[in-house]
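J.: This is the structure I want to talk about, given as structure tokens.
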Amino acid sequence: MISENMVNALNKQIEMEAYASFLYLSMASWANTQGLEGCYQFLLSQSDEERMHMLKIFEYINEVDGHALTPAISQPPQKFTDIVEIFNDVYQHEKKVTAAIANLVKLSNEEMDFTTLNFLQWYVEEQREEETTMRGILDKLKLIGDAPNKLYFIDKELEAVNKAKAAAEDAANAQ
Ligand code: OFO
């Protein structure tokens, strides 16, 4: 049986995933106002993914007889100055999420809650993938640097990331 302590910690994670979903949605909206369609689509899809991460925990808590709570979400920033800064912020945020998942893994281990430990493995892998993706994007943005028309090239780069992601999803769904 899951402990109250573990349920509380998972409910906290729901809050973090929900905040990430809204933060990325807000970033997507700003990118849209700048005409950065590739960045907009990427951040929109990241926002969707975070909602899915939230729901997965939500359903898990209820499945194991806990009480999943709808989180209170503080308002994310609405205005941004620079798309490169946005991707830096996303990377930093993902690192925080990775640390939070690591704490959940530690807690489930300490409590010998192997069901939750097993459930969390998906998140461990997901965070590794997310950090790799974000680092890859930041590396590309560094290469583009302050080139003339840099926003155009950044957006093209994000379009390529979106295409690669869609292809990987199609391949996974075909299995
Ligand atoms: Fe769910 O935090 Fe990003 O991936």
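Numbering starts fresh at 1 for the residues of each chain in the structure tokens, the chains themselves are lettered A, B, ... in the order given, and ligands are numbered from 1 as they appear.
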For segment 45-52 of chain A, list every protein, DNA or RNA residue within 10 Å, evaluated using only C-alpha atoms, and leave out those in the same chain fewer than 4 positions away; present the list as a list in words.
T.: Ile14, Met16, Glu17, Ala18, Tyr19, Ala20, Ser21, Phe22, Leu23, Tyr24, Leu25, Ser26, Met27, Ala28, Cys39, Tyr40, Gln41, Lys56, Ile57, Phe58, Val90, Glu130, Asn162 and Lys165 of chain A
J.: Emit the selected residues as an mmCIF file, in the first residue's frame, including N, CA, C and O atoms.
T.:
```
data_model
loop_
_atom_site.group_PDB
_atom_site.id
_atom_site.type_symbol
_atom_site.label_atom_id
_atom_site.label_comp_id
_atom_site.auth_asym_id
_atom_site.auth_seq_id
_atom_site.Cartn_x
_atom_site.Cartn_y
_atom_site.Cartn_z
ATOM 1 N N ILE A 14 2.889 16.401 -9.486
ATOM 2 C CA ILE A 14 1.782 16.786 -10.382
ATOM 3 C C ILE A 14 1.814 18.300 -10.567
ATOM 4 O O ILE A 14 1.699 18.815 -11.683
ATOM 5 N N MET A 16 4.351 20.291 -10.262
ATOM 6 C CA MET A 16 5.520 20.703 -11.038
ATOM 7 C C MET A 16 5.308 20.462 -12.541
ATOM 8 O O MET A 16 5.669 21.295 -13.380
ATOM 9 N N GLU A 17 4.712 19.322 -12.872
ATOM 10 C CA GLU A 17 4.472 19.011 -14.296
ATOM 11 C C GLU A 17 3.432 19.977 -14.868
ATOM 12 O O GLU A 17 3.546 20.417 -16.012
ATOM 13 N N ALA A 18 2.419 20.291 -14.051
ATOM 14 C CA ALA A 18 1.372 21.216 -14.515
ATOM 15 C C ALA A 18 1.974 22.600 -14.745
ATOM 16 O O ALA A 18 1.664 23.264 -15.743
ATOM 17 N N TYR A 19 2.847 23.014 -13.837
ATOM 18 C CA TYR A 19 3.484 24.326 -14.011
ATOM 19 C C TYR A 19 4.320 24.331 -15.294
ATOM 20 O O TYR A 19 4.274 25.290 -16.081
ATOM 21 N N ALA A 20 5.054 23.236 -15.520
ATOM 22 C CA ALA A 20 5.879 23.150 -16.732
ATOM 23 C C ALA A 20 4.987 23.264 -17.968
ATOM 24 O O ALA A 20 5.326 23.947 -18.939
ATOM 25 N N SER A 21 3.829 22.611 -17.923
ATOM 26 C CA SER A 21 2.920 22.651 -19.068
ATOM 27 C C SER A 21 2.482 24.096 -19.348
ATOM 28 O O SER A 21 2.480 24.539 -20.500
ATOM 29 N N PHE A 22 2.149 24.827 -18.302
ATOM 30 C CA PHE A 22 1.705 26.210 -18.483
ATOM 31 C C PHE A 22 2.862 27.142 -18.856
ATOM 32 O O PHE A 22 2.687 28.064 -19.642
ATOM 33 N N LEU A 23 4.024 26.861 -18.280
ATOM 34 C CA LEU A 23 5.196 27.683 -18.614
ATOM 35 C C LEU A 23 5.509 27.552 -20.112
ATOM 36 O O LEU A 23 5.708 28.541 -20.822
ATOM 37 N N TYR A 24 5.505 26.309 -20.613
ATOM 38 C CA TYR A 24 5.839 26.091 -22.020
ATOM 39 C C TYR A 24 4.735 26.641 -22.933
ATOM 40 O O TYR A 24 5.003 27.108 -24.031
ATOM 41 N N LEU A 25 3.497 26.589 -22.419
ATOM 42 C CA LEU A 25 2.385 27.155 -23.197
ATOM 43 C C LEU A 25 2.562 28.678 -23.320
ATOM 44 O O LEU A 25 2.348 29.252 -24.395
ATOM 45 N N SER A 26 2.971 29.288 -22.233
ATOM 46 C CA SER A 26 3.191 30.729 -22.238
ATOM 47 C C SER A 26 4.354 31.098 -23.175
ATOM 48 O O SER A 26 4.273 32.069 -23.943
ATOM 49 N N MET A 27 5.409 30.287 -23.134
ATOM 50 C CA MET A 27 6.545 30.520 -24.027
ATOM 51 C C MET A 27 6.118 30.344 -25.487
ATOM 52 O O MET A 27 6.533 31.106 -26.370
ATOM 53 N N ALA A 28 5.265 29.321 -25.717
ATOM 54 C CA ALA A 28 4.784 29.059 -27.087
ATOM 55 C C ALA A 28 4.028 30.277 -27.602
ATOM 56 O O ALA A 28 4.234 30.725 -28.741
ATOM 57 N N CYS A 39 9.406 27.339 -33.447
ATOM 58 C CA CYS A 39 9.555 27.392 -31.980
ATOM 59 C C CYS A 39 8.189 27.255 -31.321
ATOM 60 O O CYS A 39 8.027 26.554 -30.308
ATOM 61 N N TYR A 40 7.196 27.913 -31.901
ATOM 62 C CA TYR A 40 5.823 27.851 -31.369
ATOM 63 C C TYR A 40 5.342 26.403 -31.325
ATOM 64 O O TYR A 40 4.884 25.915 -30.284
ATOM 65 N N GLN A 41 5.484 25.702 -32.453
ATOM 66 C CA GLN A 41 5.004 24.312 -32.516
ATOM 67 C C GLN A 41 5.772 23.429 -31.538
ATOM 68 O O GLN A 41 5.194 22.554 -30.894
ATOM 69 N N LYS A 56 -0.370 11.220 -16.103
ATOM 70 C CA LYS A 56 0.142 9.878 -15.827
ATOM 71 C C LYS A 56 0.308 9.676 -14.313
ATOM 72 O O LYS A 56 -0.041 8.628 -13.786
ATOM 73 N N ILE A 57 0.823 10.674 -13.637
ATOM 74 C CA ILE A 57 0.989 10.578 -12.171
ATOM 75 C C ILE A 57 -0.389 10.620 -11.502
ATOM 76 O O ILE A 57 -0.663 9.874 -10.561
ATOM 77 N N PHE A 58 -1.225 11.488 -12.022
ATOM 78 C CA PHE A 58 -2.579 11.638 -11.484
ATOM 79 C C PHE A 58 -3.301 10.273 -11.488
ATOM 80 O O PHE A 58 -3.851 9.832 -10.479
ATOM 81 N N VAL A 90 14.157 26.613 -20.412
ATOM 82 C CA VAL A 90 13.540 25.279 -20.499
ATOM 83 C C VAL A 90 14.540 24.229 -20.003
ATOM 84 O O VAL A 90 14.196 23.350 -19.214
ATOM 85 N N GLU A 130 14.651 14.270 -22.432
ATOM 86 C CA GLU A 130 14.348 15.706 -22.488
ATOM 87 C C GLU A 130 15.620 16.541 -22.375
ATOM 88 O O GLU A 130 15.808 17.497 -23.114
ATOM 89 N N ASN A 162 11.097 19.414 -34.784
ATOM 90 C CA ASN A 162 9.686 18.988 -34.786
ATOM 91 C C ASN A 162 9.481 17.819 -35.744
ATOM 92 O O ASN A 162 8.768 16.854 -35.421
ATOM 93 N N LYS A 165 10.989 14.654 -34.333
ATOM 94 C CA LYS A 165 10.162 14.164 -33.229
ATOM 95 C C LYS A 165 8.917 13.444 -33.758
ATOM 96 O O LYS A 165 8.555 12.360 -33.283
#
```
J.: Counting only C-alpha atoms, what is within 10 Å of Val97 of chain A, bar same-chain residues fewer than 2 positions away, as a CSV table (one decimal) with N, CA, C and O atoms, in the first residue's frame?
T.:
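Saved the output as selection.csv:
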```csv
chain,number,residue,atom,x,y,z
A,13,GLN,N,4.7,16.5,-7.4
A,13,GLN,CA,5.2,16.4,-8.8
A,13,GLN,C,4.1,16.7,-9.8
A,13,GLN,O,4.5,17.3,-10.8
A,16,MET,N,4.4,20.3,-10.3
A,16,MET,CA,5.5,20.7,-11.0
A,16,MET,C,5.3,20.5,-12.5
A,16,MET,O,5.7,21.3,-13.4
A,17,GLU,N,4.7,19.3,-12.9
A,17,GLU,CA,4.5,19.0,-14.3
A,17,GLU,C,3.4,20.0,-14.9
A,17,GLU,O,3.5,20.4,-16.0
A,20,ALA,N,5.1,23.2,-15.5
A,20,ALA,CA,5.9,23.2,-16.7
A,20,ALA,C,5.0,23.3,-18.0
A,20,ALA,O,5.3,23.9,-18.9
A,91,TYR,N,15.8,24.4,-20.4
A,91,TYR,CA,16.8,23.4,-20.0
A,91,TYR,C,17.0,23.4,-18.5
A,91,TYR,O,17.0,22.4,-17.8
A,92,GLN,N,17.1,24.6,-17.9
A,92,GLN,CA,17.2,24.7,-16.5
A,92,GLN,C,16.0,24.1,-15.8
A,92,GLN,O,16.1,23.4,-14.8
A,93,HIS,N,14.8,24.4,-16.3
A,93,HIS,CA,13.6,23.8,-15.7
A,93,HIS,C,13.6,22.3,-15.8
A,93,HIS,O,13.3,21.6,-14.8
A,94,GLU,N,14.0,21.8,-16.9
A,94,GLU,CA,14.1,20.3,-17.0
A,94,GLU,C,15.1,19.7,-16.0
A,94,GLU,O,14.9,18.6,-15.5
A,95,LYS,N,16.2,20.4,-15.8
A,95,LYS,CA,17.1,19.9,-14.8
A,95,LYS,C,16.5,19.9,-13.4
A,95,LYS,O,16.7,18.9,-12.6
A,99,ALA,N,15.9,16.5,-11.0
A,99,ALA,CA,16.2,16.4,-9.6
A,99,ALA,C,15.0,16.0,-8.7
A,99,ALA,O,15.1,15.2,-7.8
A,100,ALA,N,13.9,16.6,-9.1
A,100,ALA,CA,12.6,16.2,-8.3
A,100,ALA,C,12.3,14.7,-8.5
A,100,ALA,O,11.9,14.0,-7.6
A,101,ILE,N,12.5,14.2,-9.7
A,101,ILE,CA,12.2,12.8,-10.0
A,101,ILE,C,13.2,12.0,-9.2
A,101,ILE,O,12.8,10.9,-8.6
A,102,ALA,N,14.4,12.4,-9.2
A,102,ALA,CA,15.5,11.6,-8.4
A,102,ALA,C,15.1,11.6,-7.0
A,102,ALA,O,15.2,10.5,-6.3
A,103,ASN,N,14.5,12.6,-6.4
A,103,ASN,CA,14.1,12.6,-5.0
A,103,ASN,C,12.9,11.7,-4.8
A,103,ASN,O,12.8,11.0,-3.8
A,123,TYR,N,9.8,8.0,-15.9
A,123,TYR,CA,10.1,9.4,-15.8
A,123,TYR,C,11.7,9.6,-15.8
A,123,TYR,O,12.1,10.6,-16.3
A,124,VAL,N,12.4,8.6,-15.3
A,124,VAL,CA,13.8,8.7,-15.3
A,124,VAL,C,14.3,8.8,-16.7
A,124,VAL,O,15.1,9.6,-17.1
A,127,GLN,N,13.2,12.0,-18.6
A,127,GLN,CA,14.1,13.2,-18.3
A,127,GLN,C,15.4,13.1,-19.0
A,127,GLN,O,15.9,14.2,-19.4
```
J.: Which one of A:Ala168, A:Leu138, A:Ile61, A:Leu43 sits closest to Ile154 of chain A if you count only C-alpha atoms?
T.: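 Among the listed residues, A:Leu138 lies closest to Ile154 of chain A.
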J.: Taking the DSSP secondary structure from the backbone, can you list the residues of segment 7-131 of chain A that are helix (DSSP H, G or I), as an NGL selection string?
T.: :A and (7-33 or 37-63 or 83-110 or 114-131)
J.: Which neighbours of Asn5 of chain A fall inside 10 Å, counting only C-alpha atoms, when residues of the same chain fewer than 4 positions from it are skipped, and could you give them as a ChimeraX atom specification?
T.: /A:9-11,107-108,111
J.: Just to confirm, what's the straight-line distance from atom CA of Phe42 of chain A to atom CA of Asn88 of chain A in Å (one decimal)?
T.: 14.5 Å
J.: Using only C-alpha atoms and all ligand atoms, which of the listed residues (A:Ala147, A:Leu55, A:Ala166, A:Ile2) sits closest to ligand 1?
T.: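 Ranked by minimum distance to ligand 1, first place goes to A:Leu55.
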J.: To one decimal place in Å, what is the distance between atom CA of Phe114 of chain A and atom CA of Met1 of chain A?
T.: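 Atom CA of Phe114 of chain A sits 10.3 Å away from atom CA of Met1 of chain A.
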J.: Closest to ligand 1 among A:Leu120, A:Asn109, A:Thr33, A:Ala167, using only C-alpha atoms and all ligand atoms?
T.: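 Answer, going by the shortest atom-to-atom distance: A:Leu120.
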J.: For Gly38 of chain A, work out the shell of residues within 12 Å, counting only C-alpha atoms and skipping chain neighbours fewer than 5 positions away, then give it as a VMD selection string.
T.: chain A and resid 28 31 to 32 43 to 45 83 151 to 163
J.: Give me the residues within 7 Å of Pro71 of chain A as a PyMOL selection string, counting only C-alpha atoms and dropping any in the same chain fewer than 2 places off.
T.: chain A and resi 14-15+69+73
J.: So that I have them on file, write out the residues from the current selection with C-alpha atoms, as a CSV table (one decimal), in the first residue's frame.
T.:
```csv
chain,number,residue,atom,x,y,z
A,14,ILE,CA,1.8,16.8,-10.4
A,15,GLU,CA,2.1,20.5,-9.5
A,69,LEU,CA,-5.1,16.4,-6.3
A,73,ILE,CA,-0.6,26.6,-10.5
```
J.: Which of these, A:Ala68, A:Met6, A:Met54, A:Ile144, has the shortest distance to Met112 of chain A once you count only C-alpha atoms?
T.: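 Counting only C-alpha atoms, the residue closest to Met112 of chain A is A:Met6.
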J.: Calculated over only C-alpha atoms and all ligand atoms, which of the candidates A:His53, A:Ala171, A:Tyr60, A:Asp146 has the smallest distance to ligand 1?
T.: A:His53
